[in-house]
Amino acid sequence: MGTFLAVDFGAGSGRVIAGTVSGGRLNTVEVHRFPNRQIRLGNRLYWDFLSLFEEMKTGLRMAAGQFSDIRSIGIDTWGVDFGLVDRDGNLLGNPVCYRDPSMDGAAEEWGRDNDLAAHYSTAGIQVMSINTLFQFYVRKKRGDRTLDIAQHLLFMPDLFSFYLTGVPGNEYTIASTSELLDARKRDWNFPLIDSLGLPRHLFGRIIHPGQTRGTVMDSVADELGLPRGVKVVAVGSHDTASAVYAIPYEKGKESVSAFLSSGTWSLLGIETDEPVLTDAARKAGFTNEGGVGGKIRFLQNITGLWILQCLVRQWKEAGLPDSYDYLLSEAAKADIPSVVDVDHGMFMHPDDMLAAVGEYCRMTSQRVPSTQGEYVRCVLHSLAVRYRKGIEELDSLLGKPVERLHIIGGGSRNTLLNTLTSEETGLPVVAGPVEATAIGNILMQAVACGEIADKTEISSVRTGPDTH
């Protein structure tokens, strides 16, 4: 028996959650929750890594004060973003956020000189300007000198782990979001890396979920009150990989179950044993990301609740009601047929999301929402329509129809969106778990530490009260 700590960083917030396993049950408690935000400085949009690392330490310190039997720590984050570290372990600047406008158009520009079909047949990743490939492409174009002195490329979970353990390494599921891996080999695509003019030494050994990254450095353990020798375990370090690992698939079911990880982004897809690298998959916008247990997450990246989150932020700043309970109740009563393309570039990082939604409706000769309820209804209905399209494309590519949809993550609490999704797709929707990412993170640690043989030993999850 022991306590496992999941450090889960989302694009909007982070949390430290403690978990224990006993009698086939996973028990979790939230120890610390904190905001995450992007910081605009000059012409760049950054993540505040120093603040996030300090918040993580606060959560670990709080956990150390409450649990004396901490065995390991697992860290997961959003995808594609990274930090560069020099040979002395110095961080070469705050990580740039994937929403930084400098990446706009990078994928299209790169694609003009490259065979996209051939590229997809190896990388298997949906071409998006936010991906690490294009972040490096932009850096090389502007002559970024940090590339000359950097020793290690560390994706966000790798970076947090490095400053806990002092050991560099690149975890597989997070590295797979970069568009720099060979999807079949599950290792670096060095011909592509060489074509970008990037030094090979930046790209470290690939670590797979279940392996140990290292142990917490004694100096850090003493600072935080942790026992010495606590392991940092590689979990599904891309948050969606951990979330999918938490899905309680029913044994013996022959039906095809799809997952929808619902948050700032919506990740819609299925798990497969091997990547799907056909040109039809490429044209449909599917991506092959790494999963736990050697699986491939064959999915689409869809703009999720980001649009709604921006609207709520604007309403709060304007002094208007911003309670989700109120907004969803108003949306349930609203009657507006307008649908926006949630993946349209105008919703990526607008200064005014209300204006962007209104402008799209005017451009497409649709009714512009006039109340908060109508705006929310329009966004949620648009998401459900987009999910239907994704399911139809999955059906076509798989040759066997999806018969059930698991919605996981924070968005699974949005009952109106769940209902609209079920109506649009015609599928039964199973909602939850809400904290799927942290649950999958802890389950992987429990397996790695020999507490359980695999996740099927867990028959129930009990989420306890917050401890802070």
# chains A, B, ... in the order shown; residues from 1 in each chain; ligands from 1
call {"tool": "closest_atom_pairs", "arguments": {"of": "region 123-192 of chain A", "to": "region 9-22 of chain A", "cutoff": "12 Å", "atoms": "only C-alpha atoms", "output": "tab-separated table"}}
result
residue	atom	partner	partner_atom	distance
A:Met156	CA	A:Phe9	CA	9.2
A:Pro157	CA	A:Phe9	CA	8.6
A:Phe160	CA	A:Phe9	CA	10.3
call {"tool": "residues_around", "arguments": {"residues": "Phe53 (chain A)", "least_positions_apart": "5", "cutoff": "9 Å", "atoms": "only C-alpha atoms", "output": "PDB file with N, CA, C and O atoms, in the first residue's frame"}}
result
ATOM      1  N   ASP A  48       3.712  30.411 -18.050  1.00  0.00           N
ATOM      2  CA  ASP A  48       4.500  30.856 -16.895  1.00  0.00           C
ATOM      3  C   ASP A  48       5.040  29.617 -16.187  1.00  0.00           C
ATOM      4  O   ASP A  48       4.530  29.197 -15.150  1.00  0.00           O
ATOM      5  N   THR A  58       4.177  23.427  -4.286  1.00  0.00           N
ATOM      6  CA  THR A  58       3.223  23.678  -3.190  1.00  0.00           C
ATOM      7  C   THR A  58       2.323  22.473  -2.982  1.00  0.00           C
ATOM      8  O   THR A  58       2.093  22.031  -1.849  1.00  0.00           O
ATOM      9  N   PHE A 160       8.968  19.410 -16.324  1.00  0.00           N
ATOM     10  CA  PHE A 160       8.654  19.348 -14.893  1.00  0.00           C
ATOM     11  C   PHE A 160       9.408  18.195 -14.233  1.00  0.00           C
ATOM     12  O   PHE A 160       9.952  18.344 -13.128  1.00  0.00           O
ATOM     13  N   TYR A 163      13.225  18.892 -13.628  1.00  0.00           N
ATOM     14  CA  TYR A 163      13.588  19.735 -12.485  1.00  0.00           C
ATOM     15  C   TYR A 163      13.215  19.103 -11.149  1.00  0.00           C
ATOM     16  O   TYR A 163      13.555  19.645 -10.097  1.00  0.00           O
TER      17      TYR A 163
END
call {"tool": "select_by_dssp", "arguments": {"residues": "region 221-317 of chain A", "states": "helix (DSSP H, G or I)", "output": "PyMOL selection string"}}
result
chain A and resi 221-224+239-245+279-283+292-294+306-317
call {"tool": "residues_around", "arguments": {"residues": "region 385-395 of chain A", "least_positions_apart": "3", "cutoff": "10 Å", "atoms": "only C-alpha atoms", "output": "PyMOL selection string"}}
result
chain A and resi 256+258+260+266-270+280-281+284-286+298-304+339-343+379-382+398-403+405+420-427
call {"tool": "atom_distance", "arguments": {"atom1": "CA of Arg184 (chain A)", "atom2": "CA of Ile296 (chain A)"}}
result
9.8 Å
call {"tool": "closest_residue", "arguments": {"among": "A:Glu359, A:Ala243, A:Gly294, A:Leu327", "to": "Ile407 (chain A)", "atoms": "only C-alpha atoms"}}
result
A:Ala243
call {"tool": "atom_distance", "arguments": {"atom1": "CA of Tyr98 (chain A)", "atom2": "CA of Glu271 (chain A)"}}
result
25.3 Å
call {"tool": "residues_around", "arguments": {"residues": "Pro209 (chain A)", "least_positions_apart": "3", "cutoff": "10 Å", "atoms": "only C-alpha atoms", "output": "list in words"}}
result
Gly74, Glu171, Tyr172, Thr173, Thr212, Arg213, Val233, Ala234, Val235, Gly236, Ser237, Ala241, Ser242, Gly291, Val292, Gly293, Gly294, Asn441, Met444, Gln445, Val447 and Ala448 of chain A
call {"tool": "write_last_selection", "arguments": {"atoms": "N, CA and C atoms", "output": "mmCIF file, in the first residue's frame"}}
result
data_model
loop_
_atom_site.group_PDB
_atom_site.id
_atom_site.type_symbol
_atom_site.label_atom_id
_atom_site.label_comp_id
_atom_site.auth_asym_id
_atom_site.auth_seq_id
_atom_site.Cartn_x
_atom_site.Cartn_y
_atom_site.Cartn_z
ATOM 1 N N GLY A 74 3.518 11.107 -10.779
ATOM 2 C CA GLY A 74 3.359 11.080 -12.233
ATOM 3 C C GLY A 74 2.886 12.437 -12.716
ATOM 4 N N GLU A 171 9.057 11.339 -22.922
ATOM 5 C CA GLU A 171 8.034 10.294 -22.793
ATOM 6 C C GLU A 171 7.282 10.143 -24.114
ATOM 7 N N TYR A 172 6.939 8.920 -24.445
ATOM 8 C CA TYR A 172 6.410 8.573 -25.768
ATOM 9 C C TYR A 172 5.109 9.287 -26.122
ATOM 10 N N THR A 173 4.112 9.272 -25.240
ATOM 11 C CA THR A 173 2.805 9.801 -25.630
ATOM 12 C C THR A 173 2.870 11.302 -25.870
ATOM 13 N N THR A 212 10.372 4.171 -15.093
ATOM 14 C CA THR A 212 10.735 5.174 -14.090
ATOM 15 C C THR A 212 11.602 6.245 -14.730
ATOM 16 N N ARG A 213 11.220 7.496 -14.565
ATOM 17 C CA ARG A 213 12.003 8.608 -15.095
ATOM 18 C C ARG A 213 13.243 8.857 -14.240
ATOM 19 N N VAL A 233 7.409 8.494 -12.055
ATOM 20 C CA VAL A 233 7.049 7.456 -13.023
ATOM 21 C C VAL A 233 6.540 8.106 -14.304
ATOM 22 N N ALA A 234 6.953 7.574 -15.434
ATOM 23 C CA ALA A 234 6.388 8.001 -16.717
ATOM 24 C C ALA A 234 4.987 7.410 -16.837
ATOM 25 N N VAL A 235 4.006 8.290 -16.858
ATOM 26 C CA VAL A 235 2.615 7.875 -17.082
ATOM 27 C C VAL A 235 2.285 8.219 -18.534
ATOM 28 N N GLY A 236 1.027 8.147 -18.911
ATOM 29 C CA GLY A 236 0.634 8.720 -20.192
ATOM 30 C C GLY A 236 0.777 10.222 -20.039
ATOM 31 N N SER A 237 1.949 10.754 -20.383
ATOM 32 C CA SER A 237 2.266 12.133 -20.019
ATOM 33 C C SER A 237 1.499 13.159 -20.831
ATOM 34 N N ALA A 241 -3.775 10.888 -23.157
ATOM 35 C CA ALA A 241 -3.366 9.479 -23.055
ATOM 36 C C ALA A 241 -3.735 8.920 -21.690
ATOM 37 N N SER A 242 -3.496 9.691 -20.622
ATOM 38 C CA SER A 242 -3.877 9.239 -19.285
ATOM 39 C C SER A 242 -5.395 9.164 -19.154
ATOM 40 N N GLY A 291 -0.425 5.996 -27.193
ATOM 41 C CA GLY A 291 -1.272 5.684 -26.051
ATOM 42 C C GLY A 291 -0.522 4.837 -25.037
ATOM 43 N N VAL A 292 -1.153 4.587 -23.922
ATOM 44 C CA VAL A 292 -0.585 3.733 -22.874
ATOM 45 C C VAL A 292 -0.692 2.278 -23.314
ATOM 46 N N GLY A 293 0.298 1.478 -22.935
ATOM 47 C CA GLY A 293 0.271 0.065 -23.260
ATOM 48 C C GLY A 293 0.542 -0.228 -24.720
ATOM 49 N N GLY A 294 1.288 0.656 -25.385
ATOM 50 C CA GLY A 294 1.619 0.434 -26.791
ATOM 51 C C GLY A 294 0.487 0.736 -27.750
ATOM 52 N N ASN A 441 -3.510 8.594 -14.714
ATOM 53 C CA ASN A 441 -2.162 8.865 -14.227
ATOM 54 C C ASN A 441 -1.846 7.989 -13.014
ATOM 55 N N MET A 444 -1.615 4.172 -13.778
ATOM 56 C CA MET A 444 -0.351 3.782 -14.397
ATOM 57 C C MET A 444 0.753 3.699 -13.350
ATOM 58 N N GLN A 445 0.768 4.619 -12.385
ATOM 59 C CA GLN A 445 1.759 4.559 -11.310
ATOM 60 C C GLN A 445 1.580 3.292 -10.474
ATOM 61 N N VAL A 447 0.377 0.460 -11.410
ATOM 62 C CA VAL A 447 0.876 -0.679 -12.183
ATOM 63 C C VAL A 447 2.399 -0.698 -12.153
ATOM 64 N N ALA A 448 3.006 0.463 -12.389
ATOM 65 C CA ALA A 448 4.470 0.545 -12.448
ATOM 66 C C ALA A 448 5.114 0.164 -11.119
#
call {"tool": "residues_around", "arguments": {"residues": "Gly93 (chain A)", "least_positions_apart": "4", "cutoff": "10 Å", "atoms": "only C-alpha atoms", "output": "PDB file with N, CA and C atoms, in the first residue's frame"}}
result
ATOM      1  N   TYR A  46       3.485  33.247 -23.814  1.00  0.00           N
ATOM      2  CA  TYR A  46       4.232  32.244 -23.064  1.00  0.00           C
ATOM      3  C   TYR A  46       3.350  31.543 -22.034  1.00  0.00           C
ATOM      4  N   PHE A  49       6.094  29.028 -16.751  1.00  0.00           N
ATOM      5  CA  PHE A  49       6.612  27.766 -16.218  1.00  0.00           C
ATOM      6  C   PHE A  49       7.074  27.906 -14.774  1.00  0.00           C
ATOM      7  N   GLY A  83      10.211  23.096 -23.485  1.00  0.00           N
ATOM      8  CA  GLY A  83      11.272  23.998 -23.070  1.00  0.00           C
ATOM      9  C   GLY A  83      12.599  23.473 -23.583  1.00  0.00           C
ATOM     10  N   LEU A  84      13.540  24.356 -23.739  1.00  0.00           N
ATOM     11  CA  LEU A  84      14.896  23.985 -24.123  1.00  0.00           C
ATOM     12  C   LEU A  84      15.819  24.233 -22.936  1.00  0.00           C
ATOM     13  N   VAL A  85      16.702  23.259 -22.678  1.00  0.00           N
ATOM     14  CA  VAL A  85      17.596  23.308 -21.519  1.00  0.00           C
ATOM     15  C   VAL A  85      19.024  23.181 -22.028  1.00  0.00           C
ATOM     16  N   THR A 146      18.822  30.179 -29.425  1.00  0.00           N
ATOM     17  CA  THR A 146      18.757  29.200 -28.334  1.00  0.00           C
ATOM     18  C   THR A 146      18.962  27.786 -28.856  1.00  0.00           C
TER      19      THR A 146
END
call {"tool": "atom_distance", "arguments": {"atom1": "CA of Val80 (chain A)", "atom2": "CA of Thr132 (chain A)"}}
result
5.1 Å
call {"tool": "closest_residue", "arguments": {"among": "A:Val376, A:Ala175, A:Met346, A:Ile452", "to": "Met363 (chain A)", "atoms": "only C-alpha atoms"}}
result
A:Met346
call {"tool": "select_by_dssp", "arguments": {"residues": "region 142-366 of chain A", "states": "strand (DSSP E or B)", "output": "PyMOL selection string"}}
result
chain A and resi 150-155+170-171+181-182+187-188+206-207+212-215+231-233+238+256-262+265-272+287-290+296-303
call {"tool": "decode", "arguments": {"residues": "region 301-315 of chain A", "atoms": "all heavy atoms", "output": "JSON list (two decimals), in the first residue's frame"}}
result
[["chain", "number", "residue", "atom", "x", "y", "z"],
["A", 301, "ASN", "N", -8.21, 16.17, -33.50],
["A", 301, "ASN", "CA", -8.13, 17.31, -32.59],
["A", 301, "ASN", "C", -9.18, 18.33, -33.02],
["A", 301, "ASN", "O", -9.12, 18.86, -34.13],
["A", 301, "ASN", "CB", -6.74, 17.95, -32.67],
["A", 301, "ASN", "CG", -5.68, 17.11, -31.99],
["A", 301, "ASN", "OD1", -5.58, 17.08, -30.78],
["A", 301, "ASN", "ND2", -4.89, 16.40, -32.81],
["A", 302, "ILE", "N", -10.12, 18.60, -32.14],
["A", 302, "ILE", "CA", -11.23, 19.50, -32.44],
["A", 302, "ILE", "C", -11.21, 20.63, -31.40],
["A", 302, "ILE", "O", -11.01, 20.37, -30.21],
["A", 302, "ILE", "CB", -12.58, 18.76, -32.36],
["A", 302, "ILE", "CG1", -12.61, 17.59, -33.36],
["A", 302, "ILE", "CG2", -13.75, 19.70, -32.60],
["A", 302, "ILE", "CD1", -13.77, 16.62, -33.13],
["A", 303, "THR", "N", -11.40, 21.85, -31.86],
["A", 303, "THR", "CA", -11.55, 22.94, -30.89],
["A", 303, "THR", "C", -12.73, 22.59, -29.99],
["A", 303, "THR", "O", -13.84, 22.35, -30.46],
["A", 303, "THR", "CB", -11.80, 24.28, -31.60],
["A", 303, "THR", "OG1", -10.67, 24.59, -32.40],
["A", 303, "THR", "CG2", -12.01, 25.39, -30.58],
["A", 304, "GLY", "N", -12.48, 22.55, -28.68],
["A", 304, "GLY", "CA", -13.51, 22.12, -27.74],
["A", 304, "GLY", "C", -14.20, 23.27, -27.05],
["A", 304, "GLY", "O", -14.76, 24.17, -27.70],
["A", 305, "LEU", "N", -14.13, 23.29, -25.74],
["A", 305, "LEU", "CA", -14.84, 24.30, -24.96],
["A", 305, "LEU", "C", -14.10, 25.63, -24.91],
["A", 305, "LEU", "O", -14.52, 26.54, -24.19],
["A", 305, "LEU", "CB", -15.08, 23.76, -23.54],
["A", 305, "LEU", "CG", -16.04, 22.57, -23.48],
["A", 305, "LEU", "CD1", -16.03, 21.93, -22.10],
["A", 305, "LEU", "CD2", -17.46, 23.01, -23.84],
["A", 306, "TRP", "N", -13.03, 25.75, -25.67],
["A", 306, "TRP", "CA", -12.25, 26.98, -25.74],
["A", 306, "TRP", "C", -13.13, 28.19, -26.08],
["A", 306, "TRP", "O", -13.03, 29.24, -25.45],
["A", 306, "TRP", "CB", -11.14, 26.82, -26.78],
["A", 306, "TRP", "CG", -10.51, 28.09, -27.26],
["A", 306, "TRP", "CD1", -10.65, 28.66, -28.48],
["A", 306, "TRP", "CD2", -9.60, 28.93, -26.53],
["A", 306, "TRP", "NE1", -9.90, 29.80, -28.58],
["A", 306, "TRP", "CE2", -9.25, 30.00, -27.39],
["A", 306, "TRP", "CE3", -9.06, 28.90, -25.25],
["A", 306, "TRP", "CZ2", -8.38, 31.01, -27.01],
["A", 306, "TRP", "CZ3", -8.19, 29.91, -24.86],
["A", 306, "TRP", "CH2", -7.86, 30.95, -25.73],
["A", 307, "ILE", "N", -13.99, 28.04, -27.06],
["A", 307, "ILE", "CA", -14.83, 29.16, -27.49],
["A", 307, "ILE", "C", -15.73, 29.60, -26.35],
["A", 307, "ILE", "O", -15.84, 30.79, -26.04],
["A", 307, "ILE", "CB", -15.65, 28.78, -28.74],
["A", 307, "ILE", "CG1", -14.71, 28.43, -29.90],
["A", 307, "ILE", "CG2", -16.59, 29.91, -29.13],
["A", 307, "ILE", "CD1", -15.43, 27.91, -31.14],
["A", 308, "LEU", "N", -16.36, 28.63, -25.69],
["A", 308, "LEU", "CA", -17.23, 28.94, -24.56],
["A", 308, "LEU", "C", -16.43, 29.55, -23.41],
["A", 308, "LEU", "O", -16.87, 30.52, -22.77],
["A", 308, "LEU", "CB", -17.96, 27.68, -24.09],
["A", 308, "LEU", "CG", -18.89, 27.84, -22.88],
["A", 308, "LEU", "CD1", -19.96, 28.90, -23.15],
["A", 308, "LEU", "CD2", -19.53, 26.51, -22.51],
["A", 309, "GLN", "N", -15.25, 29.02, -23.13],
["A", 309, "GLN", "CA", -14.42, 29.57, -22.06],
["A", 309, "GLN", "C", -14.08, 31.03, -22.31],
["A", 309, "GLN", "O", -14.09, 31.85, -21.38],
["A", 309, "GLN", "CB", -13.15, 28.73, -21.93],
["A", 309, "GLN", "CG", -13.38, 27.32, -21.39],
["A", 309, "GLN", "CD", -12.19, 26.40, -21.60],
["A", 309, "GLN", "OE1", -11.23, 26.75, -22.28],
["A", 309, "GLN", "NE2", -12.26, 25.20, -21.04],
["A", 310, "CYS", "N", -13.80, 31.36, -23.57],
["A", 310, "CYS", "CA", -13.49, 32.76, -23.91],
["A", 310, "CYS", "C", -14.71, 33.65, -23.73],
["A", 310, "CYS", "O", -14.61, 34.78, -23.24],
["A", 310, "CYS", "CB", -12.98, 32.85, -25.34],
["A", 310, "CYS", "SG", -11.33, 32.17, -25.58],
["A", 311, "LEU", "N", -15.87, 33.15, -24.14],
["A", 311, "LEU", "CA", -17.10, 33.92, -23.96],
["A", 311, "LEU", "C", -17.36, 34.19, -22.49],
["A", 311, "LEU", "O", -17.69, 35.33, -22.10],
["A", 311, "LEU", "CB", -18.29, 33.17, -24.57],
["A", 311, "LEU", "CG", -18.31, 32.98, -26.08],
["A", 311, "LEU", "CD1", -19.52, 32.15, -26.50],
["A", 311, "LEU", "CD2", -18.32, 34.32, -26.81],
["A", 312, "VAL", "N", -17.21, 33.17, -21.67],
["A", 312, "VAL", "CA", -17.45, 33.32, -20.22],
["A", 312, "VAL", "C", -16.48, 34.34, -19.63],
["A", 312, "VAL", "O", -16.86, 35.18, -18.79],
["A", 312, "VAL", "CB", -17.33, 31.96, -19.51],
["A", 312, "VAL", "CG1", -17.39, 32.14, -18.00],
["A", 312, "VAL", "CG2", -18.45, 31.02, -19.97],
["A", 313, "ARG", "N", -15.23, 34.30, -20.08],
["A", 313, "ARG", "CA", -14.24, 35.26, -19.59],
["A", 313, "ARG", "C", -14.64, 36.69, -19.95],
["A", 313, "ARG", "O", -14.54, 37.60, -19.14],
["A", 313, "ARG", "CB", -12.87, 34.91, -20.17],
["A", 313, "ARG", "CG", -11.71, 35.66, -19.54],
["A", 313, "ARG", "CD", -10.38, 35.22, -20.13],
["A", 313, "ARG", "NE", -10.21, 33.78, -20.05],
["A", 313, "ARG", "CZ", -10.04, 32.97, -21.08],
["A", 313, "ARG", "NH1", -10.02, 33.47, -22.31],
["A", 313, "ARG", "NH2", -9.88, 31.68, -20.91],
["A", 314, "GLN", "N", -15.11, 36.87, -21.18],
["A", 314, "GLN", "CA", -15.54, 38.21, -21.60],
["A", 314, "GLN", "C", -16.75, 38.68, -20.80],
["A", 314, "GLN", "O", -16.82, 39.85, -20.41],
["A", 314, "GLN", "CB", -15.87, 38.21, -23.09],
["A", 314, "GLN", "CG", -14.65, 38.21, -23.98],
["A", 314, "GLN", "CD", -15.00, 38.35, -25.45],
["A", 314, "GLN", "OE1", -14.80, 37.44, -26.23],
["A", 314, "GLN", "NE2", -15.54, 39.49, -25.85],
["A", 315, "TRP", "N", -17.70, 37.79, -20.57],
["A", 315, "TRP", "CA", -18.88, 38.18, -19.79],
["A", 315, "TRP", "C", -18.51, 38.54, -18.36],
["A", 315, "TRP", "O", -19.03, 39.49, -17.79],
["A", 315, "TRP", "CB", -19.90, 37.05, -19.81],
["A", 315, "TRP", "CG", -20.59, 36.91, -21.15],
["A", 315, "TRP", "CD1", -20.90, 37.91, -22.02],
["A", 315, "TRP", "CD2", -21.04, 35.69, -21.76],
["A", 315, "TRP", "NE1", -21.51, 37.39, -23.15],
["A", 315, "TRP", "CE2", -21.62, 36.05, -23.02],
["A", 315, "TRP", "CE3", -21.01, 34.35, -21.39],
["A", 315, "TRP", "CZ2", -22.16, 35.10, -23.87],
["A", 315, "TRP", "CZ3", -21.56, 33.41, -22.25],
["A", 315, "TRP", "CH2", -22.12, 33.78, -23.46]]
